[in-house]
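Have a look at the structure below, then the notes.
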Amino acid sequence: MRYEAPRAIEEAVALLADAEGDAHVLAGGTDLLVLLRAGLVTPALVVDIKHIEEMCEIAQADGGFRIGAAVTGAEFGEHAELKRAWPGVVEAMELVGSTQIQGRATAGGNLCNASPAADCVPAMIAAGATCTIAGPAGRREMAVEDIATGPGETVLGKGEIVVDFLLPPRPPRSADAYLRLIPRTEMDIAVVGAGVNLTLDDDGLCKDARVALCAIAPRVLRVAEVADALIGSAIDDAALELAAAAARAACQPIDDKRGTVEYRTKIAGVLVRRAALIAKQRAGNGS
Amino acid sequence: MIKDHVSTTINGEPVEFLCDPRQTLLDVLRDELNLTGSKEGCSSGDCGACSVMLDGRVVCSCLVLGAEAEGREVETIEGMAQGETLHPLQRVFLEEAALQCGICTPGFLVAAKALLDRNPDPTETEVRYWLAGNLCRCTGYDKIVRSVLDAAAEMRGK
Ligand SMILES: Cc1cc2nc3c(=O)[nH]c(=O)nc-3n(C[C@H](O)[C@H](O)[C@H](O)COP(=O)(O)OP(=O)(O)OC[C@H]3O[C@@H](n4cnc5c(N)ncnc54)[C@H](O)[C@@H]3O)c2cc1C
Ligand code: FES
Ligand code: FES
């Protein structure tokens, strides 16, 4: 195995594109090194992207935010403006692992690892985030929800890297929230996770909504039917029950040690309801 | 196997080493540099026994490649005492018996010091959440949490 730590994206792309054999991007390594140590991946080349400045910074851009794919969870939590504008995205990323994992784990790694239970991904999808992908053919932009195709599978081709996430400008009275259920209070993988992002109008009615769920399907899903149940409503009990029912209907989960199909389906409804109420309250408070 | 030549700083001292690109920072510390204070519990990021500081952040050294240390600053448990003088956390852990077998202790101390360096007056809840990635199979955590709070109080008193 060869280790490289280029300083420019083009250099990283060229290294990955020209590699003979299996080549991997190394961001925080909290997924990759576990697999490497267990012998489940045997790359010929590992390309550390943490020395590429553009991938390690959070910037305010075009009224929104540009977050480098190699920014860590700890850095999300320390960024006051990002936290104010996107509390749901930040709380989702901060849920990833322990203090030690937060110092390393990145949002790009969370996305590209393509776990169905990735915590940051539903919040990014609910936020309407897009990402820039750099590859041998140049750069393109894609919606975050279109990156993962199944467990451990993405649309990324040989030599392609996720460079950054773009969070859109925030209309007034907008907020997001992310909730997950785990069997204990810290350090576990989601049984179900729900990200809800809302914009209210001047009368407090829901003008726009995006919702995504994790751990209920082979990949993180955006569920338009849940958003449709909220849009136009006062996010009252009736609308929340319709939203919860839409969430349950979207579930195609598995049975495993963390939860049965029935339990996951039920919890998806509960989390959508609670996350929507938190987002509503935050939006009403003028965040 | 071609080895990587790495220049880094460990506990304030410049250090150079050769490592296999697949070796973790924990392997390098323990097997190449004889710094065996950092422990290996799980090798998968779950237990925190291998905690070290990397450029001022506490991380699991079992999930860092040795090669990644190039040009960076690493601090380990070996750098915590000043000569013969223990850090207050180390002393209070001993005084209040916050350890039994001791395998988790270096990791707890490194992580707890990282907390107190940024928050000298944490609540019990903050201590428990901060240390959630450090596992102890012996003590039941209570004496560890108490010791961190007591050491913090003592350090604020100075
Ligand atoms: C103890 C522990 C607890 C954890 N808890 C959680 C949790 O609560 N929630 C959760 O969601 N996850 C959890 N994880 C999983 C992991 O920490 C996260 O998925 C993390 O966000 C991965 O980021 P990373 O930077 O470490 O990825 P890496 O391990 O560096 O990379 C992961 C994969 O993505 C690829 N990759 C990384 N960045 C890019 C990029 N920019 N472009 C293209 N490909 C890329 C890599 O090649 C690799 O295949 C946990 C892991 C551990 C060890
Ligand atoms: S040995 Fe590193 S976390 Fe357990
Ligand atoms: S004292 Fe034995 S594991 Fe903590």
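Chains: A, B, ... in order of the structure tokens. Residues: from 1 per chain. Ligands: from 1, in order shown.
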Please return, as a compact mmCIF listing (two decimals) with N, CA, C and O atoms, in the first residue's frame, all residues of chain B lying within 9 Å of chain A when only C-alpha atoms are considered.
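Ended up saving to selection-v2.txt:
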```
# COMPACT_ATOMS: atom_id res chain seq x y z
N MET B 1 8.52 -4.35 0.85
CA MET B 1 7.64 -3.23 1.27
C MET B 1 8.45 -1.96 1.42
O MET B 1 9.43 -1.92 2.16
N ILE B 2 8.06 -0.92 0.72
CA ILE B 2 8.74 0.36 0.86
C ILE B 2 8.20 1.06 2.10
O ILE B 2 7.00 1.15 2.28
N ASP B 4 7.65 4.35 4.68
CA ASP B 4 7.56 5.80 4.65
C ASP B 4 8.47 6.38 5.72
O ASP B 4 8.54 5.85 6.83
N ASP B 20 5.72 1.13 7.89
CA ASP B 20 4.96 0.51 6.83
C ASP B 20 3.71 1.38 6.64
O ASP B 20 3.11 1.79 7.63
N PRO B 21 3.32 1.69 5.41
CA PRO B 21 2.16 2.56 5.21
C PRO B 21 0.87 2.04 5.84
O PRO B 21 -0.06 2.82 6.08
N ARG B 22 0.79 0.75 6.13
CA ARG B 22 -0.42 0.21 6.75
C ARG B 22 -0.38 0.31 8.27
O ARG B 22 -1.39 0.04 8.92
N THR B 24 -0.60 1.74 11.94
CA THR B 24 -1.31 2.87 12.54
C THR B 24 -0.34 3.66 13.42
O THR B 24 0.74 3.18 13.77
N SER B 43 -8.93 -1.61 18.65
CA SER B 43 -8.42 -1.34 17.30
C SER B 43 -9.52 -0.95 16.32
O SER B 43 -9.33 -1.06 15.12
N SER B 44 -10.64 -0.51 16.83
CA SER B 44 -11.72 -0.12 15.92
C SER B 44 -12.38 1.20 16.32
O SER B 44 -13.49 1.50 15.88
N GLY B 45 -11.74 1.97 17.18
CA GLY B 45 -12.28 3.30 17.50
C GLY B 45 -13.34 3.31 18.58
O GLY B 45 -13.91 4.36 18.87
N ASP B 46 -13.61 2.16 19.19
CA ASP B 46 -14.71 2.08 20.15
C ASP B 46 -14.33 2.33 21.60
O ASP B 46 -15.17 2.76 22.38
N GLY B 48 -11.25 3.89 23.10
CA GLY B 48 -10.53 5.09 23.53
C GLY B 48 -9.24 4.83 24.30
O GLY B 48 -8.58 5.78 24.72
N SER B 51 -6.17 6.77 23.00
CA SER B 51 -6.34 8.22 22.79
C SER B 51 -5.01 8.97 22.85
O SER B 51 -4.22 8.78 23.78
N VAL B 52 -4.77 9.81 21.87
CA VAL B 52 -3.63 10.74 21.87
C VAL B 52 -4.14 12.08 21.33
O VAL B 52 -5.24 12.16 20.77
N LEU B 54 -3.69 14.92 18.52
CA LEU B 54 -3.10 15.14 17.21
C LEU B 54 -3.45 16.57 16.82
O LEU B 54 -4.64 16.89 16.68
N ARG B 57 -6.23 17.97 18.99
CA ARG B 57 -7.53 17.30 19.14
C ARG B 57 -7.30 15.87 19.61
O ARG B 57 -6.38 15.19 19.15
N VAL B 58 -8.19 15.42 20.50
CA VAL B 58 -8.06 14.04 20.98
C VAL B 58 -8.63 13.10 19.91
O VAL B 58 -9.71 13.33 19.37
N VAL B 59 -7.84 12.08 19.55
CA VAL B 59 -8.24 11.12 18.51
C VAL B 59 -7.86 9.72 18.96
O VAL B 59 -7.07 9.54 19.88
N CYS B 60 -8.42 8.72 18.29
CA CYS B 60 -8.02 7.33 18.51
C CYS B 60 -6.81 7.05 17.63
O CYS B 60 -6.94 7.06 16.40
N CYS B 62 -5.47 4.37 17.01
CA CYS B 62 -5.65 3.13 16.23
C CYS B 62 -6.34 3.41 14.90
O CYS B 62 -6.35 2.56 14.03
N LEU B 63 -6.93 4.61 14.74
CA LEU B 63 -7.59 4.97 13.48
C LEU B 63 -6.87 6.13 12.79
O LEU B 63 -7.48 6.94 12.11
N VAL B 64 -5.55 6.22 13.02
CA VAL B 64 -4.71 7.20 12.34
C VAL B 64 -3.55 6.41 11.75
O VAL B 64 -3.00 5.54 12.43
N LEU B 65 -3.18 6.66 10.50
CA LEU B 65 -2.00 6.00 9.96
C LEU B 65 -0.75 6.68 10.51
O LEU B 65 -0.74 7.90 10.70
N ALA B 67 1.83 7.31 8.92
CA ALA B 67 2.27 8.26 7.91
C ALA B 67 1.57 9.61 8.03
O ALA B 67 2.11 10.64 7.64
N GLU B 68 0.37 9.61 8.60
CA GLU B 68 -0.37 10.87 8.76
C GLU B 68 0.27 11.81 9.78
O GLU B 68 -0.10 12.98 9.86
N ALA B 111 -7.93 12.08 27.34
CA ALA B 111 -9.21 12.67 26.92
C ALA B 111 -9.70 13.67 27.96
O ALA B 111 -10.22 14.74 27.61
N TYR B 129 -20.50 12.85 28.78
CA TYR B 129 -20.60 12.84 27.32
C TYR B 129 -19.22 12.90 26.67
O TYR B 129 -18.93 12.18 25.71
N TRP B 130 -18.36 13.77 27.17
CA TRP B 130 -17.03 13.91 26.58
C TRP B 130 -16.28 12.58 26.62
O TRP B 130 -15.56 12.23 25.68
N LEU B 131 -16.46 11.84 27.72
CA LEU B 131 -15.71 10.59 27.91
C LEU B 131 -16.48 9.35 27.43
O LEU B 131 -16.08 8.22 27.72
N ALA B 132 -17.56 9.56 26.68
CA ALA B 132 -18.39 8.41 26.24
C ALA B 132 -17.62 7.47 25.32
O ALA B 132 -17.98 6.30 25.19
N GLY B 133 -16.58 7.96 24.69
CA GLY B 133 -15.78 7.11 23.81
C GLY B 133 -14.62 6.44 24.51
O GLY B 133 -13.75 5.86 23.86
N ASN B 134 -14.57 6.53 25.84
CA ASN B 134 -13.57 5.81 26.63
C ASN B 134 -14.29 4.75 27.45
O ASN B 134 -15.14 5.07 28.28
```
Throw together the list of residues within 9 Å of ligand 3, counting only C-alpha atoms and all ligand atoms, and drop it here as a short mmCIF file (atom, residue, chain, number, x, y, z; two decimals) with N, CA, C and O atoms, in the first residue's frame.
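Written out: pocket08.cif:
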```cif
data_model
loop_
_atom_site.label_atom_id
_atom_site.label_comp_id
_atom_site.auth_asym_id
_atom_site.auth_seq_id
_atom_site.Cartn_x
_atom_site.Cartn_y
_atom_site.Cartn_z
N ALA B 49 -8.83 3.57 24.47
CA ALA B 49 -7.60 3.28 25.23
C ALA B 49 -6.36 3.83 24.52
O ALA B 49 -5.33 4.04 25.15
N ALA B 98 -9.36 5.77 40.88
CA ALA B 98 -10.19 5.80 39.68
C ALA B 98 -9.74 4.75 38.67
O ALA B 98 -10.02 4.88 37.48
N LEU B 99 -8.99 3.78 39.13
CA LEU B 99 -8.56 2.71 38.23
C LEU B 99 -8.43 1.40 38.99
O LEU B 99 -8.20 1.40 40.19
N GLN B 100 -8.63 0.32 38.21
CA GLN B 100 -8.39 -1.00 38.80
C GLN B 100 -7.30 -1.69 37.99
O GLN B 100 -6.15 -1.64 38.34
N CYS B 101 -7.65 -2.26 36.82
CA CYS B 101 -6.58 -2.89 36.03
C CYS B 101 -5.69 -1.85 35.37
O CYS B 101 -4.53 -2.11 35.08
N GLY B 102 -6.25 -0.69 35.05
CA GLY B 102 -5.44 0.41 34.52
C GLY B 102 -5.31 0.49 33.02
O GLY B 102 -4.72 1.44 32.50
N ILE B 103 -5.86 -0.47 32.28
CA ILE B 103 -5.63 -0.44 30.83
C ILE B 103 -6.34 0.75 30.17
O ILE B 103 -5.87 1.29 29.17
N CYS B 104 -7.44 1.19 30.75
CA CYS B 104 -8.18 2.30 30.16
C CYS B 104 -7.63 3.65 30.60
O CYS B 104 -8.00 4.68 30.05
N THR B 105 -6.78 3.65 31.65
CA THR B 105 -6.43 4.90 32.33
C THR B 105 -5.69 5.92 31.45
O THR B 105 -6.07 7.10 31.46
N PHE B 108 -8.26 7.63 29.30
CA PHE B 108 -9.12 8.53 30.07
C PHE B 108 -8.38 9.81 30.42
O PHE B 108 -8.94 10.91 30.36
N ASN B 134 -14.57 6.53 25.84
CA ASN B 134 -13.57 5.81 26.63
C ASN B 134 -14.29 4.75 27.45
O ASN B 134 -15.14 5.07 28.28
N LEU B 135 -13.95 3.50 27.21
CA LEU B 135 -14.62 2.41 27.92
C LEU B 135 -13.76 1.90 29.06
O LEU B 135 -12.54 1.82 28.93
N CYS B 136 -14.41 1.56 30.18
CA CYS B 136 -13.74 0.94 31.31
C CYS B 136 -14.56 -0.27 31.73
O CYS B 136 -15.75 -0.15 31.98
N ARG B 137 -13.93 -1.43 31.80
CA ARG B 137 -14.65 -2.64 32.17
C ARG B 137 -14.53 -2.92 33.67
O ARG B 137 -15.05 -3.90 34.14
N CYS B 138 -13.80 -2.09 34.42
CA CYS B 138 -13.57 -2.40 35.84
C CYS B 138 -14.33 -1.47 36.79
O CYS B 138 -15.01 -1.93 37.68
N THR B 139 -14.19 -0.17 36.62
CA THR B 139 -14.55 0.74 37.71
C THR B 139 -16.03 1.09 37.80
O THR B 139 -16.47 1.55 38.84
N GLY B 140 -16.76 0.95 36.72
CA GLY B 140 -18.14 1.43 36.74
C GLY B 140 -18.23 2.93 36.54
O GLY B 140 -19.30 3.53 36.72
N TYR B 141 -17.13 3.56 36.18
CA TYR B 141 -17.05 4.97 35.75
C TYR B 141 -17.20 6.01 36.86
O TYR B 141 -16.72 7.14 36.72
N ILE B 144 -14.08 7.56 38.15
CA ILE B 144 -13.38 8.28 37.08
C ILE B 144 -14.01 9.67 36.92
O ILE B 144 -13.30 10.69 36.91
#
```
*What are the DSSP helix (DSSP H, G or I) residues of chain B, as an MDAnalysis selection string?*
chainID B and resid 25:32 61:63 66:69 77:79 88:95 105:118 124:130 142:157
**Prompt:** Please, which residues of chain B, numbered as in this document, come out strand (DSSP E or B) from DSSP, as a PyMOL selection string?
**Reply:** chain B and resi 4-10+13-19+24+51-54+57-60+65+73-75+82+85
Item to complete: Compile the contact shell of B:Val15 as a list in words: residues with an atom at most 10 Å away, counting only C-alpha atoms, same-chain residues fewer than 4 positions apart removed.
Response: Val6, Ser7, Thr8, Thr9, Ile10, Asn11, Leu33 and Glu70 of chain B
